[in-house]
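One file, my_file.cif, carrying mmCIF, C-alpha atoms and all ligand atoms:
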data_protein
loop_
_atom_site.label_atom_id
_atom_site.label_comp_id
_atom_site.auth_asym_id
_atom_site.auth_seq_id
_atom_site.Cartn_x
_atom_site.Cartn_y
_atom_site.Cartn_z
CA MET S 24 93.84 56.55 120.54
CA SER S 25 90.44 55.64 122.00
CA ARG S 26 88.96 52.25 121.33
CA GLY S 27 87.26 53.79 118.29
CA THR S 28 83.86 52.22 118.85
CA CYS S 29 81.43 54.93 117.96
CA ALA S 30 77.85 55.61 116.85
CA VAL S 31 78.14 58.40 114.31
CA ILE S 32 74.81 60.26 114.26
CA ASP S 33 74.17 62.18 111.05
CA LEU S 34 71.74 64.97 111.90
CA ALA S 35 71.56 66.12 108.27
CA ALA S 36 70.23 62.63 107.41
CA LEU S 37 67.69 63.00 110.24
CA ARG S 38 66.45 66.30 108.84
CA HIS S 39 66.35 64.77 105.35
CA ASN S 40 64.17 61.90 106.63
CA TYR S 41 61.89 64.36 108.41
CA SER S 42 61.40 66.23 105.10
CA VAL S 43 60.71 62.98 103.22
CA ILE S 44 57.98 62.14 105.72
CA LYS S 45 56.60 65.67 105.80
CA ARG S 46 56.34 65.74 101.99
CA ARG S 47 54.70 62.34 102.00
CA VAL S 48 51.97 63.34 104.47
CA ALA S 49 51.25 66.69 102.81
CA ASN S 50 49.11 68.65 105.25
CA SER S 51 49.39 66.43 108.32
CA ASN S 52 51.47 67.37 111.34
CA VAL S 53 54.45 65.23 112.30
CA LEU S 54 54.97 64.05 115.87
CA ALA S 55 58.59 62.82 115.80
CA VAL S 56 58.82 59.83 118.13
CA VAL S 57 61.95 60.15 120.27
CA LYS S 58 61.23 57.74 123.13
CA ALA S 59 63.84 55.23 124.35
CA ASP S 60 66.60 57.83 124.05
CA GLY S 61 65.62 58.66 120.49
CA TYR S 62 65.75 54.97 119.50
CA GLY S 63 69.33 54.94 120.81
CA HIS S 64 70.39 58.09 118.94
CA GLY S 65 70.29 60.46 121.95
CA MET S 66 66.83 61.89 122.65
CA THR S 67 67.63 65.53 123.41
CA SER S 68 70.19 65.84 120.58
CA ILE S 69 67.62 64.44 118.14
CA ALA S 70 64.86 66.75 119.35
CA LYS S 71 67.12 69.82 119.27
CA ALA S 72 68.13 68.96 115.71
CA LEU S 73 64.48 69.10 114.62
CA PRO S 74 63.24 72.62 115.37
CA GLN S 75 60.88 72.18 112.39
CA SER S 76 59.09 69.25 114.01
CA ASP S 77 55.46 69.86 114.93
CA GLY S 78 55.94 67.89 118.14
CA PHE S 79 57.60 64.96 119.86
CA GLY S 80 56.31 61.61 121.11
CA VAL S 81 57.76 60.03 124.24
CA ALA S 82 56.67 57.00 126.21
CA ILE S 83 56.98 58.22 129.78
CA LEU S 84 56.95 61.35 131.94
CA GLU S 85 60.71 61.26 132.66
CA GLU S 86 61.42 61.56 128.94
CA ALA S 87 59.00 64.46 128.56
CA LEU S 88 60.59 66.30 131.48
CA LEU S 89 64.10 65.76 130.04
CA LEU S 90 62.97 67.35 126.78
CA ARG S 91 61.45 70.34 128.57
CA ALA S 92 64.63 70.71 130.69
CA ALA S 93 66.65 70.74 127.44
CA GLY S 94 64.58 73.70 126.23
CA ILE S 95 62.22 71.90 123.83
CA THR S 96 59.13 74.09 123.45
CA GLN S 97 57.11 72.15 120.87
CA LYS S 98 54.18 69.89 121.68
CA ILE S 99 55.17 66.76 123.61
CA VAL S 100 52.86 63.75 123.91
CA MET S 101 53.27 61.01 126.55
CA LEU S 102 52.24 57.98 124.52
CA GLU S 103 51.63 55.71 127.51
CA GLY S 104 49.75 58.46 129.30
CA ALA S 105 50.04 59.41 132.97
CA LEU S 106 50.42 56.32 135.13
CA SER S 107 49.26 58.06 138.34
CA LEU S 108 47.46 61.18 139.54
CA GLU S 109 50.82 62.68 140.47
CA GLU S 110 52.20 62.09 136.95
CA LEU S 111 49.11 63.67 135.45
CA LYS S 112 49.66 66.82 137.51
CA GLN S 113 53.35 66.97 136.62
CA ALA S 114 52.57 66.53 132.93
CA SER S 115 50.11 69.39 133.04
CA VAL S 116 52.54 71.71 134.85
CA SER S 117 55.11 71.04 132.10
CA ASN S 118 52.55 71.49 129.32
CA VAL S 119 52.82 67.86 128.20
CA ASP S 120 49.88 66.20 126.39
CA VAL S 121 48.69 62.89 127.78
CA VAL S 122 47.24 59.82 126.11
CA VAL S 123 44.15 58.36 127.77
CA HIS S 124 43.99 54.67 126.96
CA GLN S 125 41.91 53.38 129.86
CA LEU S 126 38.98 54.63 131.87
CA GLU S 127 40.98 54.87 135.14
CA GLN S 128 43.05 57.65 133.54
CA LEU S 129 39.84 59.44 132.71
CA THR S 130 38.74 59.28 136.33
CA ASP S 131 42.04 60.91 137.37
CA ILE S 132 41.47 63.71 134.87
CA GLU S 133 37.99 64.26 136.26
CA LYS S 134 39.40 64.48 139.80
CA VAL S 135 42.06 67.04 138.87
CA SER S 136 39.61 68.99 136.74
CA ALA S 137 37.29 69.30 139.74
CA GLU S 138 40.23 70.46 141.91
CA VAL S 139 41.23 73.05 139.34
CA LEU S 140 37.65 74.29 139.08
CA SER S 141 37.35 74.68 142.85
CA GLY S 142 40.66 76.60 142.93
CA GLY S 143 42.15 73.91 145.15
CA THR S 144 45.20 73.38 142.98
CA THR S 145 47.56 75.53 140.94
CA LEU S 146 48.23 73.40 137.93
CA GLY S 147 48.80 74.16 134.29
CA ALA S 148 45.72 76.01 133.07
CA SER S 149 44.67 73.28 130.68
CA LEU S 150 45.34 69.77 129.47
CA ASN S 151 45.51 68.34 125.95
CA VAL S 152 44.29 64.76 125.76
CA TRP S 153 44.86 62.10 123.10
CA LEU S 154 42.04 59.58 123.43
CA LYS S 155 43.40 56.23 122.31
CA ILE S 156 41.05 53.65 120.82
CA ASP S 157 41.80 49.95 120.71
CA THR S 158 41.07 49.24 117.05
CA GLY S 159 42.38 45.68 117.19
CA MET S 160 45.93 45.60 118.51
CA HIS S 161 44.60 44.86 122.02
CA ARG S 162 47.58 46.43 123.79
CA LEU S 163 46.50 49.91 124.89
CA GLY S 164 43.25 51.69 124.12
CA VAL S 165 39.66 52.29 125.12
CA ASP S 166 37.19 49.79 123.68
CA PRO S 167 35.36 51.28 120.64
CA SER S 168 32.04 50.85 122.46
CA ASP S 169 33.28 53.14 125.29
CA VAL S 170 34.66 55.92 123.10
CA LEU S 171 31.59 58.14 122.88
CA ASN S 172 31.12 57.97 126.63
CA ALA S 173 34.82 58.71 127.24
CA TYR S 174 34.66 61.66 124.89
CA GLN S 175 31.59 63.08 126.62
CA ARG S 176 33.21 62.72 130.04
CA LEU S 177 36.33 64.51 128.81
CA LYS S 178 34.18 67.28 127.35
CA GLN S 179 32.64 67.80 130.80
CA CYS S 180 36.10 68.59 132.21
CA ALA S 181 36.68 72.33 131.99
CA TRP S 182 40.40 71.65 132.44
CA VAL S 183 40.59 69.66 129.18
CA GLN S 184 41.41 72.00 126.31
CA SER S 185 41.62 69.65 123.33
CA ILE S 186 40.90 66.03 122.46
CA THR S 187 42.69 64.19 119.65
CA LEU S 188 41.47 60.75 118.64
CA MET S 189 44.25 58.20 118.13
CA SER S 190 44.98 54.53 117.57
CA HIS S 191 47.99 52.36 116.68
CA PHE S 192 48.56 49.74 113.97
CA SER S 193 49.78 46.24 114.81
CA CYS S 194 50.93 45.35 111.24
CA ALA S 195 51.80 48.73 109.75
CA GLY S 196 54.86 47.40 107.93
CA GLU S 197 52.84 45.07 105.73
CA ILE S 198 51.20 46.18 102.51
CA GLY S 199 47.61 45.12 101.96
CA THR S 200 47.07 43.39 105.28
CA VAL S 201 43.53 42.62 106.33
CA VAL S 202 44.49 43.54 109.90
CA SER S 203 45.43 47.13 108.96
CA ASP S 204 42.34 47.43 106.77
CA ALA S 205 40.14 46.36 109.67
CA GLN S 206 41.90 48.75 112.09
CA TYR S 207 41.60 51.63 109.64
CA SER S 208 37.87 50.95 109.19
CA VAL S 209 37.14 50.86 112.92
CA PHE S 210 39.10 54.08 113.44
CA ASN S 211 37.65 55.93 110.46
CA GLN S 212 34.09 54.92 111.26
CA LEU S 213 34.44 56.12 114.84
CA HIS S 214 36.04 59.33 113.69
CA GLN S 215 33.18 59.98 111.26
CA SER S 216 30.42 58.84 113.60
CA LEU S 217 31.59 61.13 116.37
CA LEU S 218 31.01 63.98 113.97
CA GLU S 219 27.34 63.05 113.82
CA ALA S 220 26.79 63.19 117.57
CA PRO S 221 25.14 66.49 118.57
CA ALA S 222 27.82 67.20 121.19
CA PHE S 223 30.44 67.52 118.45
CA LEU S 224 28.96 70.63 116.91
CA GLY S 225 29.71 69.36 113.45
CA HIS S 226 33.50 69.37 113.83
CA LEU S 227 35.75 66.43 113.08
CA LEU S 228 38.05 65.75 116.00
CA PRO S 229 41.77 65.92 115.21
CA ALA S 230 42.95 62.35 114.65
CA SER S 231 46.16 60.32 114.50
CA LEU S 232 46.65 56.74 113.35
CA ALA S 233 49.92 56.22 111.49
CA ASN S 234 53.36 55.34 112.79
CA SER S 235 56.17 55.01 110.20
CA GLY S 236 54.67 51.95 108.52
CA GLY S 237 51.26 53.62 108.42
CA VAL S 238 52.79 56.68 106.73
CA PHE S 239 54.18 54.66 103.82
CA GLN S 240 51.48 51.96 103.72
CA ASP S 241 48.56 54.11 102.57
CA ASP S 242 47.86 57.86 102.37
CA ARG S 243 44.40 57.42 103.88
CA ASN S 244 46.13 56.70 107.23
CA HIS S 245 47.58 60.17 107.58
CA PHE S 246 44.73 62.14 109.25
CA ASP S 247 45.91 65.24 111.21
CA TRP S 248 48.99 63.85 112.95
CA VAL S 249 51.41 61.09 111.96
CA ARG S 250 53.77 59.60 114.55
CA PRO S 251 56.91 58.28 112.83
CA GLY S 252 59.80 56.79 114.77
CA ILE S 253 61.91 54.27 112.88
CA ALA S 254 61.62 56.02 109.48
CA LEU S 255 62.92 59.22 111.00
CA TYR S 256 66.09 57.34 111.91
CA GLY S 257 66.45 56.20 108.30
CA SER S 258 65.50 52.56 108.70
CA SER S 259 62.76 50.91 106.70
CA PRO S 260 59.43 50.23 108.44
CA MET S 261 58.15 48.27 105.44
CA GLU S 262 58.54 44.60 104.66
CA GLY S 263 60.00 44.19 101.18
CA GLN S 264 60.99 47.84 100.77
CA SER S 265 64.43 49.13 101.70
CA ALA S 266 65.08 52.48 103.35
CA GLU S 267 66.72 53.54 100.08
CA ASP S 268 63.54 52.60 98.15
CA LEU S 269 61.64 54.96 100.46
CA GLY S 270 64.22 57.76 100.07
CA LEU S 271 65.44 57.48 103.67
CA LYS S 272 69.06 57.81 104.82
CA PRO S 273 70.54 56.03 107.85
CA VAL S 274 71.09 58.37 110.78
CA MET S 275 73.26 56.06 112.89
CA THR S 276 76.40 54.46 111.49
CA LEU S 277 78.00 52.15 114.03
CA VAL S 278 81.74 51.91 113.49
CA SER S 279 84.76 50.44 115.20
CA ARG S 280 88.32 49.54 114.24
CA ILE S 281 90.63 46.61 113.81
CA ILE S 282 92.73 46.00 116.93
CA ALA S 283 94.50 42.79 115.79
CA LEU S 284 95.18 40.88 112.59
CA ARG S 285 96.12 37.22 112.39
CA HIS S 286 96.56 34.35 109.97
CA VAL S 287 94.50 31.36 111.03
CA PRO S 288 95.73 28.12 109.46
CA GLN S 289 93.28 25.68 107.86
CA GLY S 290 91.61 23.48 110.47
CA GLU S 291 92.13 25.94 113.38
CA SER S 292 89.17 27.51 115.14
CA VAL S 293 88.46 31.07 116.30
CA GLY S 294 86.73 32.36 119.43
CA TYR S 295 84.71 30.95 122.34
CA GLY S 296 83.39 27.46 121.98
CA ALA S 297 85.67 26.92 118.95
CA SER S 298 82.45 27.15 116.98
CA TRP S 299 84.05 28.20 113.68
CA THR S 300 86.89 26.39 111.98
CA ALA S 301 88.89 27.75 109.04
CA LYS S 302 88.21 25.69 105.90
CA ALA S 303 91.31 27.25 104.36
CA ALA S 304 94.07 29.54 105.69
CA THR S 305 92.17 32.72 106.65
CA HIS S 306 93.22 36.30 107.35
CA VAL S 307 91.21 37.32 110.40
CA ALA S 308 90.70 40.82 111.81
CA ILE S 309 89.69 41.31 115.44
CA VAL S 310 87.34 44.28 115.70
CA ALA S 311 86.70 46.25 118.91
CA ILE S 312 82.98 45.72 119.32
CA GLY S 313 80.92 43.03 121.01
CA TYR S 314 77.66 42.38 122.80
CA GLY S 315 78.88 44.66 125.63
CA ASP S 316 78.48 47.48 123.10
CA GLY S 317 75.16 46.31 121.74
CA TYR S 318 76.34 44.28 118.75
CA PRO S 319 73.98 41.26 118.78
CA ARG S 320 75.52 38.08 120.18
CA HIS S 321 73.23 35.84 118.18
CA VAL S 322 74.13 36.79 114.60
CA LYS S 323 74.00 33.67 112.49
CA GLU S 324 76.61 32.43 110.01
CA GLY S 325 76.66 34.73 107.00
CA ALA S 326 76.46 37.94 109.08
CA ARG S 327 78.67 40.61 107.57
CA VAL S 328 80.43 43.88 108.32
CA LEU S 329 81.99 46.42 105.97
CA VAL S 330 85.77 46.64 105.78
CA ASP S 331 87.22 49.08 103.28
CA GLY S 332 83.99 48.95 101.27
CA SER S 333 83.90 45.13 101.16
CA LEU S 334 81.34 42.96 102.92
CA CYS S 335 83.23 40.47 105.12
CA ASP S 336 81.91 37.55 107.18
CA VAL S 337 81.80 37.61 110.97
CA VAL S 338 83.41 34.33 112.05
CA GLY S 339 83.06 32.51 115.38
CA ARG S 340 81.03 33.72 118.34
CA VAL S 341 80.55 37.38 119.17
CA SER S 342 82.44 38.12 122.42
CA MET S 343 81.59 40.84 124.93
CA ASP S 344 84.19 43.25 123.54
CA MET S 345 85.27 41.84 120.17
CA ILE S 346 84.25 40.11 116.99
CA ALA S 347 86.40 38.23 114.48
CA VAL S 348 86.02 38.97 110.77
CA ASP S 349 87.32 37.10 107.73
CA VAL S 350 89.22 39.81 105.80
CA SER S 351 90.94 37.44 103.35
CA SER S 352 89.22 39.19 100.42
CA VAL S 353 90.42 42.68 101.41
CA SER S 354 93.78 43.37 99.84
CA ALA S 355 95.24 46.23 101.88
CA VAL S 356 93.79 45.71 105.33
CA ALA S 357 95.74 47.19 108.23
CA LEU S 358 95.57 47.63 112.00
CA ASN S 359 93.28 50.50 113.06
CA ASP S 360 91.26 50.34 109.83
CA ALA S 361 87.63 51.37 110.30
CA VAL S 362 84.88 48.75 110.24
CA THR S 363 81.18 49.53 109.76
CA LEU S 364 78.77 47.35 111.70
CA TRP S 365 75.65 49.03 110.30
CA GLY S 366 74.54 52.32 108.83
CA ASN S 367 75.97 53.86 105.66
CA GLY S 368 76.58 51.02 103.19
CA LEU S 369 75.09 48.32 105.40
CA PRO S 370 71.44 48.80 106.48
CA VAL S 371 70.70 47.89 110.09
CA GLU S 372 67.75 45.87 108.74
CA HIS S 373 70.25 43.36 107.29
CA VAL S 374 71.99 42.93 110.63
CA ALA S 375 68.60 42.54 112.31
CA GLU S 376 67.80 39.71 109.92
CA TRP S 377 71.13 37.97 110.64
CA ALA S 378 70.46 38.38 114.37
CA GLY S 379 66.85 37.20 114.22
CA THR S 380 65.55 40.49 115.58
CA VAL S 381 64.25 43.87 114.40
CA ASN S 382 66.04 47.11 113.46
CA TYR S 383 64.33 48.85 116.42
CA GLU S 384 66.00 46.58 118.97
CA LEU S 385 69.49 46.92 117.53
CA LEU S 386 69.34 50.72 117.47
CA CYS S 387 67.96 50.90 121.02
CA GLN S 388 70.43 48.47 122.53
CA VAL S 389 73.70 50.29 121.71
CA THR S 390 75.22 50.67 125.17
CA ASP S 391 76.63 53.69 127.02
CA ARG S 392 80.16 52.45 126.41
CA VAL S 393 79.80 53.50 122.76
CA ASP S 394 80.59 57.17 122.09
CA HIS S 395 77.96 59.13 120.18
CA ARG S 396 79.48 61.59 117.69
CA TYR S 397 77.08 64.08 116.11
CA LEU S 398 77.57 65.35 112.55
CA GLY S 399 75.63 68.27 111.11
CA VAL S 400 74.90 70.08 114.39
CA GLN S 401 73.24 73.40 113.60
CA GLY S 402 74.77 76.52 115.16
C1 LIG D 501 51.82 54.89 119.92
C2 LIG D 501 53.02 54.89 119.04
N1 LIG D 501 53.08 55.72 118.00
C3 LIG D 501 54.14 55.75 117.18
C4 LIG D 501 55.23 54.92 117.37
C5 LIG D 501 56.39 54.96 116.40
O1 LIG D 501 56.45 53.76 115.70
P1 LIG D 501 57.48 53.50 114.50
O2 LIG D 501 58.84 53.56 115.10
O3 LIG D 501 57.14 52.15 113.99
O4 LIG D 501 57.27 54.59 113.52
C6 LIG D 501 55.21 54.04 118.44
C7 LIG D 501 56.34 53.13 118.65
O5 LIG D 501 56.33 52.14 119.33
C8 LIG D 501 54.08 54.02 119.31
O6 LIG D 501 54.01 53.17 120.35
#

Before anything else, please render the file you have as C-alpha cells.
Ligand SMILES: Cc1ncc(COP(=O)(O)O)c(C=O)c1O
Amino acid sequence: MSRGTCAVIDLAALRHNYSVIKRRVANSNVLAVVKADGYGHGMTSIAKALPQSDGFGVAILEEALLLRAAGITQKIVMLEGALSLEELKQASVSNVDVVVHQLEQLTDIEKVSAEVLSGGTTLGASLNVWLKIDTGMHRLGVDPSDVLNAYQRLKQCAWVQSITLMSHFSCAGEIGTVVSDAQYSVFNQLHQSLLEAPAFLGHLLPASLANSGGVFQDDRNHFDWVRPGIALYGSSPMEGQSAEDLGLKPVMTLVSRIIALRHVPQGESVGYGASWTAKAATHVAIVAIGYGDGYPRHVKEGARVLVDGSLCDVVGRVSMDMIAVDVSSVSAVALNDAVTLWGNGLPVEHVAEWAGTVNYELLCQVTDRVDHRYLGVQG
C-alpha cells in the first residue's frame, strides 16, 4: 500500500463552481485563473476539464506555453505581461494575450509592431493587449493619468488587434469597503471617459475588473470579463461568507491515513519539543502527512482534522512527514483509516485560520510528494 497521502481533485466540483460563477456574472466572459499550477490543483488538468471556459489566466509565459502544448485552444492571458522583448514575441507566436502594466512594455510593443510592419519579422499576425490601470492597489498598472496616452500609442500599432481595459482589487473579499468603492470609481470613470475621446469612435472598450471576491462583492464589478481563481477551486473569497454560503464546492480534498495508533498516558508528551502534554490518558493516531507535504507547520492549538466524520485535534508539533491527532473521541478507529486534512467536510479556510495564513497559500503549497488523483475526468 502506498503512503496514502493524496490530493483528490474533484473535476465535477470544478465544473459546478464554474457554472455558479457563470450564472452569477450573466453575460460576462469568464477567464479561469489557473496560474501557480492551477492553485496547486494541476494546471493542465484543470484547464482541460473546463472546455466551456471563455479563457484562462496565467502569470507567466512558461505557464501559457504549457497550456498551448497541452492542446488548450481558448484565449490565454499572461497577467504579468511579457517581461522582455523576447517573451513578447514568443507570446504572440503562441497566440497569447499580454497585459501591459507599465510604459516600458508599451515601448516593446511599438518596436515589434514596427518590425512586423516592415516585414522584418515573422511573428503572429496580431496581438491582443490588456491595458492594466493602477486604480489604487499600487502593485502593477499604468497610472490613470497615463492611460489615454497609452491607449493612443497602442492604437497606433498596426500589430495590436484588440485592447481590453483592466484593473485589480486589493480588498475584493470585503463587503462595503471604501477601498473597493474608490477603485471601482476610478476604473469606471476611466472606462466611460475613454468612450468620449474622439479616437474611440463611440465604442466602450472591453473591460475587466473582478477577481473572485469582485464577482461576489457587487454585480457592478463584472464588466466584460471576470477573472476568478480561488472561487473556481471551491474556496470562499469573501470574509464572513463560507464557500457553502456562495454555493461553491471544494475541488481539492487532501487526505492521508493513520500509520500508527498509541495510548499516551496522562502527563506524557508527544512530538518534537515535547510541546504538548496529555492532560488525561489519550488515544493518539499518527497520520502520514507533514510540512514536507504542504501541511502547515504553524497550525495553532485547536487545529483539527476529520477522522471517521469527527473533528479531532492535532496535538504536538507538525513534523516533516507526520502529525499526531487525538482520536480519543472516535470509537472504532483503526490503522489505515482515512483522515481528511481539508476539503470535503473541512473547508481549507478553517485550516488557513488555524495556520495564520490564507486558503490560497495552503492550496498552492501542496508538494510534489503528494499524489494528485482526479475524479470526474471527461472522456
Ligand atoms: C490580475 C489577477 N486577476 C485575477 C486573479 C484571481 O484572483 P482570485 O484567486 O482572488 O480570484 C489574480 C490572482 O492573484 C490576479 O493577480

Quick one: contact table of chain S to ligand LIG 501 (chain D), 10 Å max, nearest atom pair and distance in Å to one decimal per residue, counting all atoms listed in the file, chain and number order, as JSON lines?
{"residue": "S:Leu54", "atom": "CA", "partner": "D:LIG501", "partner_atom": "C3", "distance": 8.4}
{"residue": "S:Ala55", "atom": "CA", "partner": "D:LIG501", "partner_atom": "C5", "distance": 8.2}
{"residue": "S:Val56", "atom": "CA", "partner": "D:LIG501", "partner_atom": "C5", "distance": 5.7}
{"residue": "S:Val57", "atom": "CA", "partner": "D:LIG501", "partner_atom": "C5", "distance": 8.5}
{"residue": "S:Lys58", "atom": "CA", "partner": "D:LIG501", "partner_atom": "C7", "distance": 8.1}
{"residue": "S:Ala59", "atom": "CA", "partner": "D:LIG501", "partner_atom": "O5", "distance": 9.5}
{"residue": "S:Tyr62", "atom": "CA", "partner": "D:LIG501", "partner_atom": "O2", "distance": 8.3}
{"residue": "S:Gly80", "atom": "CA", "partner": "D:LIG501", "partner_atom": "C3", "distance": 7.4}
{"residue": "S:Val81", "atom": "CA", "partner": "D:LIG501", "partner_atom": "C8", "distance": 8.6}
{"residue": "S:Ala82", "atom": "CA", "partner": "D:LIG501", "partner_atom": "O6", "distance": 7.5}
{"residue": "S:Val100", "atom": "CA", "partner": "D:LIG501", "partner_atom": "C1", "distance": 9.8}
{"residue": "S:Met101", "atom": "CA", "partner": "D:LIG501", "partner_atom": "C1", "distance": 9.1}
{"residue": "S:Leu102", "atom": "CA", "partner": "D:LIG501", "partner_atom": "C1", "distance": 5.6}
{"residue": "S:Glu103", "atom": "CA", "partner": "D:LIG501", "partner_atom": "C1", "distance": 7.6}
{"residue": "S:Val122", "atom": "CA", "partner": "D:LIG501", "partner_atom": "C1", "distance": 9.1}
{"residue": "S:Lys155", "atom": "CA", "partner": "D:LIG501", "partner_atom": "C1", "distance": 8.9}
{"residue": "S:Arg162", "atom": "CA", "partner": "D:LIG501", "partner_atom": "O6", "distance": 9.9}
{"residue": "S:Leu163", "atom": "CA", "partner": "D:LIG501", "partner_atom": "C1", "distance": 8.8}
{"residue": "S:Met189", "atom": "CA", "partner": "D:LIG501", "partner_atom": "C1", "distance": 8.5}
{"residue": "S:Ser190", "atom": "CA", "partner": "D:LIG501", "partner_atom": "C1", "distance": 7.2}
{"residue": "S:His191", "atom": "CA", "partner": "D:LIG501", "partner_atom": "C1", "distance": 5.6}
{"residue": "S:Phe192", "atom": "CA", "partner": "D:LIG501", "partner_atom": "C2", "distance": 8.5}
{"residue": "S:Ser193", "atom": "CA", "partner": "D:LIG501", "partner_atom": "O3", "distance": 9.5}
{"residue": "S:Cys194", "atom": "CA", "partner": "D:LIG501", "partner_atom": "O3", "distance": 9.6}
{"residue": "S:Ala195", "atom": "CA", "partner": "D:LIG501", "partner_atom": "O3", "distance": 7.6}
{"residue": "S:Gly196", "atom": "CA", "partner": "D:LIG501", "partner_atom": "O3", "distance": 8.0}
{"residue": "S:Ser231", "atom": "CA", "partner": "D:LIG501", "partner_atom": "N1", "distance": 9.0}
{"residue": "S:Leu232", "atom": "CA", "partner": "D:LIG501", "partner_atom": "N1", "distance": 8.0}
{"residue": "S:Ala233", "atom": "CA", "partner": "D:LIG501", "partner_atom": "C3", "distance": 7.1}
{"residue": "S:Asn234", "atom": "CA", "partner": "D:LIG501", "partner_atom": "O4", "distance": 4.0}
{"residue": "S:Ser235", "atom": "CA", "partner": "D:LIG501", "partner_atom": "O4", "distance": 3.5}
{"residue": "S:Gly236", "atom": "CA", "partner": "D:LIG501", "partner_atom": "O3", "distance": 6.0}
{"residue": "S:Gly237", "atom": "CA", "partner": "D:LIG501", "partner_atom": "O4", "distance": 7.9}
{"residue": "S:Val238", "atom": "CA", "partner": "D:LIG501", "partner_atom": "O4", "distance": 8.4}
{"residue": "S:Val249", "atom": "CA", "partner": "D:LIG501", "partner_atom": "C3", "distance": 8.0}
{"residue": "S:Arg250", "atom": "CA", "partner": "D:LIG501", "partner_atom": "C3", "distance": 4.7}
{"residue": "S:Pro251", "atom": "CA", "partner": "D:LIG501", "partner_atom": "O4", "distance": 3.8}
{"residue": "S:Gly252", "atom": "CA", "partner": "D:LIG501", "partner_atom": "O2", "distance": 3.4}
{"residue": "S:Ile253", "atom": "CA", "partner": "D:LIG501", "partner_atom": "O2", "distance": 3.9}
{"residue": "S:Ala254", "atom": "CA", "partner": "D:LIG501", "partner_atom": "O4", "distance": 6.1}
{"residue": "S:Leu255", "atom": "CA", "partner": "D:LIG501", "partner_atom": "O4", "distance": 7.7}
{"residue": "S:Tyr256", "atom": "CA", "partner": "D:LIG501", "partner_atom": "O2", "distance": 8.8}
{"residue": "S:Ser258", "atom": "CA", "partner": "D:LIG501", "partner_atom": "O2", "distance": 9.3}
{"residue": "S:Ser259", "atom": "CA", "partner": "D:LIG501", "partner_atom": "O3", "distance": 9.3}
{"residue": "S:Pro260", "atom": "CA", "partner": "D:LIG501", "partner_atom": "O3", "distance": 6.3}
{"residue": "S:Met261", "atom": "CA", "partner": "D:LIG501", "partner_atom": "O3", "distance": 9.4}
{"residue": "S:Asn382", "atom": "CA", "partner": "D:LIG501", "partner_atom": "O2", "distance": 9.8}
{"residue": "S:Tyr383", "atom": "CA", "partner": "D:LIG501", "partner_atom": "O2", "distance": 7.4}

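In this structure, CA of Val165 in chain S sits 27.6 Å away from CA of Glu384 in chain S.
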
Using all atoms of range 233-243 of chain S listed in the file and a margin of 3 Å per side, can you give the axis-aligned box centre and edge lengths in Å to one decimal, as JSON?
{"center_x": 50.3, "center_y": 54.9, "center_z": 107.6, "size_x": 17.8, "size_y": 11.9, "size_z": 16.4}

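The smallest atom-to-atom distance between Leu358 in chain S and any of S:Ile282, S:Ala181, S:Lys98, S:Gly296, using only C-alpha atoms, is found for S:Ile282.
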
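For the residues S:Val400, S:Val152, S:Ala361, S:Val183, ranking by smallest atom-to-atom distance to Ala70 in chain S using all atoms listed in the file places S:Val400 first.
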
(message) Please return as a PyMOL selection string every residue within 9 Å of (55.2, 73.9, 128.8), taking into account all atoms listed in the file and the file's own coordinates.
(response) chain S and resi 91+95-99+114-119+147

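Restricting the calculation to all atoms listed in the file, the smallest distance between Gly313 in chain S and any of S:Val341, S:Val31, S:Leu269, S:Val381 is found for S:Val341.
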
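Computed from the coordinates, the CA of Val135 in chain S to CA of Ala173 in chain S distance equals 16.0 Å.
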
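CA of Asp331 in chain S sits 7.4 Å away from CA of Val353 in chain S.
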
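Nearest to Lys272 in chain S of all the residues S:Gln401, S:Asn50, S:Thr67, S:Ser42 is S:Ser42, based on only C-alpha atoms.
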
(message) Residues within 9 Å of Leu73 in chain S, please, as a ChimeraX atom specification. Count all atoms listed in the file; anything in the same chain fewer than 2 positions from it doesn't count.
(response) /S:34,37-38,41,55,68-71,75-76

(message) Using only C-alpha atoms, list the residues that have an atom at most 6 Å from (43.5, 70.5, 135.3), coordinates as in the file, as a PyMOL selection string.
(response) chain S and resi 135-136+139+149+182

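The nearest approach to Val287 in chain S among the residues S:Val328, S:Met66, S:Ser342, S:Ser351, with all atoms listed in the file taken into account, belongs to S:Ser351.
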
(message) Under the rule that all atoms listed in the file are counted, which of S:Asp247, S:Pro319, S:Glu324, S:Ile309 is the nearest residue to Asp360 in chain S?
(response) S:Ile309

Some atoms are absent from range 237-244 of chain S, so rebuild N, CA and C atoms and return them as a tab-separated table (two decimals), in the coordinates of the input.
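Ended up saving to result_19.tsv:
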chain	number	residue	atom	x	y	z
S	237	GLY	N	52.54	53.05	108.83
S	237	GLY	CA	51.26	53.62	108.42
S	237	GLY	C	51.44	54.77	107.44
S	238	VAL	N	52.52	55.55	107.63
S	238	VAL	CA	52.79	56.68	106.73
S	238	VAL	C	53.00	56.20	105.31
S	239	PHE	N	53.81	55.12	105.16
S	239	PHE	CA	54.18	54.66	103.82
S	239	PHE	C	53.18	53.64	103.26
S	240	GLN	N	52.40	53.02	104.15
S	240	GLN	CA	51.48	51.96	103.72
S	240	GLN	C	50.35	52.51	102.84
S	241	ASP	N	49.74	53.61	103.29
S	241	ASP	CA	48.56	54.11	102.57
S	241	ASP	C	48.28	55.56	103.01
S	242	ASP	N	48.08	56.44	102.04
S	242	ASP	CA	47.86	57.86	102.37
S	242	ASP	C	46.61	58.10	103.22
S	243	ARG	N	45.65	57.20	103.12
S	243	ARG	CA	44.40	57.42	103.88
S	243	ARG	C	44.66	57.38	105.39
S	244	ASN	N	45.81	56.82	105.79
S	244	ASN	CA	46.13	56.70	107.23
S	244	ASN	C	46.58	58.01	107.86
